[in-house]
Structure formats: C-alpha cells, structure tokens
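One file, input_30.cif, is given below (mmCIF, C-alpha atoms and all ligand atoms).
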```
data_entry
#
loop_
_atom_site.label_atom_id
_atom_site.label_comp_id
_atom_site.auth_asym_id
_atom_site.auth_seq_id
_atom_site.Cartn_x
_atom_site.Cartn_y
_atom_site.Cartn_z
CA MET G 1 97.84 199.14 62.69
CA LYS G 2 95.77 198.66 59.60
CA LYS G 3 96.06 195.00 58.68
CA ILE G 4 95.98 192.17 61.19
CA LEU G 5 96.56 188.51 60.37
CA VAL G 6 95.10 185.95 62.79
CA ILE G 7 96.72 182.52 62.56
CA ASN G 8 95.21 179.43 64.14
CA GLY G 9 97.25 176.26 64.37
CA PRO G 10 96.42 172.57 64.69
CA ASN G 11 93.07 171.30 65.91
CA LEU G 12 91.53 174.75 66.32
CA ASN G 13 89.29 174.03 63.32
CA LEU G 14 87.51 171.58 65.66
CA LEU G 15 86.47 174.26 68.15
CA GLY G 16 83.09 173.46 69.65
CA GLU G 17 83.57 169.71 69.15
CA ARG G 18 87.00 169.39 70.69
CA GLU G 19 87.14 169.11 74.50
CA PRO G 20 84.31 171.63 75.06
CA GLY G 21 84.99 171.60 78.82
CA ILE G 22 88.33 173.28 78.05
CA TYR G 23 87.77 175.19 74.80
CA GLY G 24 84.03 175.92 75.05
CA ASP G 25 81.20 174.88 72.77
CA GLU G 26 81.31 177.72 70.25
CA SER G 27 82.41 176.72 66.74
CA TYR G 28 85.45 177.86 64.75
CA GLU G 29 83.08 179.74 62.47
CA PHE G 30 81.69 181.62 65.49
CA LEU G 31 85.26 182.56 66.45
CA THR G 32 85.92 183.93 62.95
CA THR G 33 82.77 186.09 63.21
CA LEU G 34 83.89 187.48 66.59
CA ILE G 35 87.31 188.32 65.16
CA MET G 36 85.95 190.01 62.04
CA ASP G 37 83.47 192.07 64.12
CA LYS G 38 86.33 193.13 66.40
CA ALA G 39 88.43 194.16 63.42
CA GLU G 40 85.59 196.32 62.15
CA GLU G 41 85.23 197.93 65.59
CA LEU G 42 88.97 198.70 65.55
CA GLY G 43 88.85 200.03 62.01
CA ALA G 44 91.37 197.38 60.94
CA LYS G 45 91.47 194.98 58.01
CA CYS G 46 91.78 191.37 59.05
CA GLU G 47 92.49 187.97 57.53
CA ILE G 48 92.07 184.69 59.39
CA PHE G 49 94.12 181.62 58.52
CA GLN G 50 93.98 178.12 59.99
CA SER G 51 96.25 175.19 59.30
CA ASN G 52 97.09 171.89 60.90
CA HIS G 53 100.54 171.97 59.25
CA GLU G 54 103.67 173.59 60.65
CA GLY G 55 105.15 174.48 57.24
CA ALA G 56 101.94 176.17 56.10
CA ILE G 57 101.96 178.33 59.23
CA ILE G 58 105.60 179.26 58.58
CA ASP G 59 104.86 180.13 54.93
CA LYS G 60 101.95 182.31 56.05
CA LEU G 61 104.15 184.16 58.56
CA HIS G 62 106.80 184.75 55.88
CA ASN G 63 104.22 186.11 53.45
CA ALA G 64 102.72 188.32 56.18
CA ARG G 65 105.92 190.30 56.66
CA LYS G 66 105.21 192.60 53.72
CA SER G 67 101.44 192.70 53.72
CA PHE G 68 100.36 192.84 57.39
CA ASP G 69 101.12 195.22 60.25
CA GLY G 70 100.79 192.60 62.98
CA VAL G 71 99.83 189.02 63.74
CA VAL G 72 97.78 187.27 66.43
CA ILE G 73 98.74 183.60 66.65
CA ASN G 74 97.31 180.63 68.47
CA ALA G 75 99.89 178.04 67.49
CA GLY G 76 98.06 175.26 69.37
CA ALA G 77 100.41 172.52 70.52
CA TYR G 78 103.21 173.90 68.27
CA THR G 79 103.48 176.64 70.92
CA HIS G 80 105.23 174.19 73.17
CA TYR G 81 107.87 172.76 70.83
CA SER G 82 108.09 174.39 67.40
CA TYR G 83 111.45 176.12 67.14
CA ALA G 84 110.71 176.50 63.42
CA ILE G 85 107.63 178.67 64.11
CA ARG G 86 109.63 180.57 66.75
CA ASP G 87 112.35 181.29 64.18
CA ALA G 88 109.76 182.40 61.61
CA ILE G 89 108.27 184.87 64.13
CA SER G 90 111.77 186.24 64.86
CA ALA G 91 112.47 186.52 61.16
CA VAL G 92 109.42 188.52 60.14
CA LYS G 93 109.96 191.46 62.53
CA ILE G 94 106.31 192.60 62.57
CA PRO G 95 104.68 192.41 66.04
CA VAL G 96 103.16 189.04 66.92
CA VAL G 97 100.86 188.41 69.91
CA GLU G 98 100.54 184.85 71.26
CA VAL G 99 97.06 183.79 72.36
CA HIS G 100 95.53 180.76 74.03
CA ILE G 101 91.90 180.02 74.74
CA SER G 102 92.71 178.01 77.85
CA ASN G 103 95.02 178.99 80.69
CA VAL G 104 98.07 177.03 79.56
CA PHE G 105 99.70 177.52 82.98
CA ALA G 106 96.89 175.69 84.76
CA ARG G 107 97.00 172.50 82.70
CA ASP G 108 99.55 169.77 81.83
CA GLU G 109 103.08 170.75 82.75
CA PHE G 110 104.27 170.67 79.10
CA ARG G 111 101.77 173.43 78.25
CA SER G 112 103.29 175.89 80.71
CA LYS G 113 106.33 176.24 78.44
CA SER G 114 105.97 178.35 75.29
CA VAL G 115 108.92 178.37 72.92
CA ILE G 116 107.33 181.17 70.88
CA GLY G 117 106.56 183.47 73.85
CA PRO G 118 110.04 185.03 74.05
CA VAL G 119 109.89 186.24 70.43
CA CYS G 120 106.31 187.57 70.63
CA CYS G 121 105.57 191.08 71.88
CA GLY G 122 103.18 189.63 74.47
CA SER G 123 100.95 186.70 75.38
CA ILE G 124 97.30 186.36 76.42
CA SER G 125 96.08 183.06 77.83
CA GLY G 126 93.00 181.81 79.63
CA PHE G 127 90.17 184.14 78.62
CA GLY G 128 88.37 181.82 76.24
CA LEU G 129 87.63 183.24 72.79
CA SER G 130 88.02 186.73 74.30
CA SER G 131 91.80 186.07 74.36
CA TYR G 132 91.81 186.80 70.60
CA LEU G 133 89.87 190.06 71.01
CA MET G 134 92.16 191.21 73.82
CA ALA G 135 95.17 190.41 71.64
CA MET G 136 93.73 192.48 68.78
CA ASP G 137 93.18 195.42 71.16
CA ALA G 138 96.75 195.06 72.40
CA LEU G 139 98.18 194.83 68.90
CA VAL G 140 96.54 198.02 67.61
CA LYS G 141 97.91 199.93 70.62
CA TYR G 142 101.37 198.35 70.46
CA ASN G 143 104.12 200.62 69.27
CA GLY G 144 107.25 198.86 70.50
C1 LIG F 201 95.77 176.10 73.07
C2 LIG F 201 96.55 175.43 74.22
C3 LIG F 201 97.51 174.40 73.66
O1 LIG F 201 98.23 173.80 74.74
C4 LIG F 201 96.76 173.34 72.91
O2 LIG F 201 97.66 172.40 72.35
C5 LIG F 201 95.86 173.89 71.87
C6 LIG F 201 95.08 175.07 72.19
C7 LIG F 201 94.69 177.08 73.59
O3 LIG F 201 94.20 177.86 72.81
O4 LIG F 201 94.33 177.03 74.77
O5 LIG F 201 95.70 173.33 70.79
O6 LIG F 201 96.68 176.85 72.27
#
```

If you convert what's in this file into structure tokens, what do you get?
Amino acid sequence: MKKILVINGPNLNLLGEREPGIYGDESYEFLTTLIMDKAEELGAKCEIFQSNHEGAIIDKLHNARKSFDGVVINAGAYTHYSYAIRDAISAVKIPVVEVHISNVFARDEFRSKSVIGPVCCGSISGFGLSSYLMAMDALVKYNG
C-alpha cells in the first residue's frame, strides 16, 4: 500500500463549524494535517480530496483506479442514498474503506443504512477524526 486517496464528501469542509456537538470543533484543515502525519508514519503517499458534488466524487474514484492503491472515503450524506457512488466503488476494484466521524448507528434512522458499505472492504464509524486514522491503518494491512 503505497498511495492512499482520502475522499471527503459534502459538508465536511465545514468541520469545526458544523454541529460541533456531533463532529467536534477541530477544523477541516486540522483533519488534513492529522491524515498527512499518519500517512508519513505509515510510509505511504497520500492525497486528500473534498467535494460537495456527487459527480466530482465519482470522477475522482474513477481516476484513482490507476494511480492509487486504496481509498478512504467519508461520503457524508451520500453514504445513505448514492447508488452512483456505490457503483463507482464497485467499478474501480481497488480497496475502499468507509469512514464516519460520528456513530451513524446511534443517530437518525436514515443514517444507519449505508448503500456503499456492502461494496467497501470495511467500515469504521464513531471514533471522531480517529476514524480516518484507523481506516488508514486498516487499509495498509488489507490484502483481500
Ligand atoms: C458523516 C455521517 C453522515 O450521516 C453525515 O451526513 C455526514 C457525516 C460522519 O462522518 O459522521 O455528513 O459521514
């Protein structure tokens, strides 16, 4: 596992401002620093991408298939209904780990369903920003 792509979906750019009681008060920039430090610790190269647009996330997944060894994705609310992102994950064949900052099973009922989960190699939810770091650890060890 040499190159990891981290994708963040809608509203995650507002981390720190957005519902801090749920997502914490650390900024998106702070998250990117944590991720890049983790990549260095793992000896991996890493790119971080954020978009509020479904098509842009799909394009990024398509482009990742030849240039990355694995993906960590927090698809935000798209997690719960985007069959298009699910199909893109199935199409690219590289391992993808689903992450969530909050425990999606302990919130609104619609959040307990992930349409992307079945096509990811695993899911990590509920550990705050550490969910991303745990996903990166899991991805570098994954050999399924
Ligand atoms: C989230 C959980 C989603 O239900 C929500 O729509 C988000 C963030 C999380 O990281 O906890 O935008 O993916």

### Query
Using only C-alpha atoms and all ligand atoms, which of G:Ala106, G:Leu139, G:Ala77, G:Ile124 sits nearest ligand LIG 201 (chain F)?
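Once distances to ligand LIG 201 (chain F) are computed over only C-alpha atoms and all ligand atoms, the minimum belongs to G:Ala77.
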
#### Entry: Which residue of G:Leu14, G:Val72, G:Ala91, G:Ala44 approaches G:Ala138 most closely, using all atoms listed in the file
G:Val72

### Query
If you count all atoms listed in the file, which residues end up within 8 Å of ligand LIG 201 (chain F), as JSON, numbers by chain?
{"G": [9, 10, 11, 12, 22, 23, 74, 75, 76, 77, 78, 79, 80, 99, 100, 101, 102, 103, 104, 111, 125, 126, 128]}

Neighbouring residues of G:Gly55 were defined as those with any atom within 9 Å, considering only C-alpha atoms; residues of the same chain fewer than 4 positions away were excluded. Please report them as a PDB file with C-alpha atoms, in the coordinates of the input.
```pdb
ATOM      1  CA  ASP G  59     104.860 180.130  54.930  1.00  0.00           C
ATOM      2  CA  LYS G  60     101.950 182.310  56.050  1.00  0.00           C
ATOM      3  CA  ALA G  84     110.710 176.500  63.420  1.00  0.00           C
ATOM      4  CA  ILE G  85     107.630 178.670  64.110  1.00  0.00           C
TER       5      ILE G  85
END
```

### Query
Do you know which residues lie at most 7 Å from (94.5, 190.8, 58.0), with coordinates as in the file and all atoms listed in the file counted, and could you write them as a PyMOL selection string?
chain G and resi 3-6+45-48+68

### Query
In terms of the shortest atom-to-atom distance over all atoms listed in the file, which of G:Ser51, G:Gly70, G:His62, G:Ile7 is closest to G:Asp137?
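Of all the options, G:Gly70 lies closest to G:Asp137.
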
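Ranking G:Ser90, G:Ser82, G:Asn143, G:Ser131 by their shortest atom-to-atom distance to G:Val115, with all atoms listed in the file included, puts G:Ser82 first.
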
Edge lengths and centre in Å, axis-aligned, stretch 102-111 of chain G plus 4 Å each side, as AutoDock Vina command-line options:
```
--center_x 98.5 --center_y 174.4 --center_z 81.3 --size_x 19.6 --size_y 17.2 --size_z 14.9
```

### Message
With only C-alpha atoms as the counted atoms, please give the residues lying no more than 12 Å from G:Pro118, apart from itself and same-chain residues fewer than 2 positions off, as an NGL selection string.
### Response
:G and (79-80 or 83 or 86-87 or 89-90 or 96-98 or 113-116 or 120-123)

### Separation of atom CA of G:Val140 from atom CA of G:Lys38, in Å and rounded to one decimal
11.4 Å

### Message
One number please: atom CA of G:Leu133 to atom CA of G:Ala56, in Å, one decimal.
### Response
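If I compute the distance from atom CA of G:Leu133 to atom CA of G:Ala56, I get 23.7 Å.
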
### Counting only C-alpha atoms, the residue of G:Pro20, G:Asn8, G:Phe105, G:Tyr142 that sits nearest G:Ile35
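Looking at the shortest contact to G:Ile35, the residue is G:Asn8.
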
### Message
Distance cut-off 10 Å, centre (101.5, 193.1, 57.8) in file coordinates, counting only C-alpha atoms: which residues qualify? Return them as a ChimeraX atom specification.
### Response
/G:1-5,46,61,63-71,92-95
